[in-house]
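Undergrad: Mind looking over this structure? Questions follow.
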Amino acid sequence: MPWFNNTAYLKMIDSMAIIIAQAYQLARSRLASASSHVMRAMMQRDQLFSQIQWLKRELEILRQQREDCPVNKRPEFSPEQRLAILQLMSQRN
């Protein structure tokens, strides 16, 4: 049986991921309360970068879902939405 099908291994990996995430959040909260302006700016930059990465991943998932959908079942857009999409496309080149 492969190791990735064993529930004990999966629970251990999940626990380790939770511990790492909690340690990361603790470090970020300490940086947020630091008196140094540089440290706070670095924390804010890191937080914004994380949000950008999450939004990029979410957009990838939504685009993939849209591409997998048959053409005749794709959503309809109003003329205002189409114009907004074209404006965004032109801004992003």
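Following the order of the structure tokens, chains are lettered A, B, ..., residues in each are numbered from 1, and ligands are numbered from 1.
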Region 3-93 of chain A: which residues are alpha helix (DSSP H) by DSSP, as a VMD selection string?
TA: chain A and resid 7 to 32 37 to 68 79 to 91
Undergrad: Could you tell me how far CA of Ser78 (chain A) lies from CA of Gln91 (chain A), in Å and to one decimal?
TA: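 Pair CA of Ser78 (chain A) / CA of Gln91 (chain A) returns 20.1 Å.
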Undergrad: When you draw a straight line from CA of Ala84 (chain A) to CA of Phe49 (chain A), how long is it in Å?
TA: 25.1 Å
Undergrad: Quick check, in Å to one decimal: how far apart do CA of Ser29 (chain A) and CA of Ala41 (chain A) lie?
TA: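 One can read the CA of Ser29 (chain A) to CA of Ala41 (chain A) distance as 12.9 Å.
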Undergrad: Counting only C-alpha atoms, what are the residues of region 41-81 of chain A within 12 Å of region 4-25 of chain A, and for each of them which pair of atoms is the nearest and at what distance in Å, to one decimal? Sort the table by chain and rising number, as CSV.
TA:
```
residue,atom,partner,partner_atom,distance
A:Met43,CA,A:Gln25,CA,11.0
A:Asp46,CA,A:Tyr24,CA,11.5
A:Gln47,CA,A:Gln25,CA,10.6
```
Undergrad: Write a file of the just-selected residues containing N, CA and C atoms, as a compact mmCIF listing (two decimals), in the first residue's frame.
TA:
```txt
# COMPACT_ATOMS: atom_id res chain seq x y z
N MET A 43 5.96 43.49 7.11
CA MET A 43 4.84 42.61 7.41
C MET A 43 3.66 42.94 6.50
N ASP A 46 4.39 41.66 3.07
CA ASP A 46 4.23 40.21 3.05
C ASP A 46 2.76 39.82 3.03
N GLN A 47 1.95 40.52 3.79
CA GLN A 47 0.52 40.23 3.83
C GLN A 47 -0.13 40.52 2.47
```
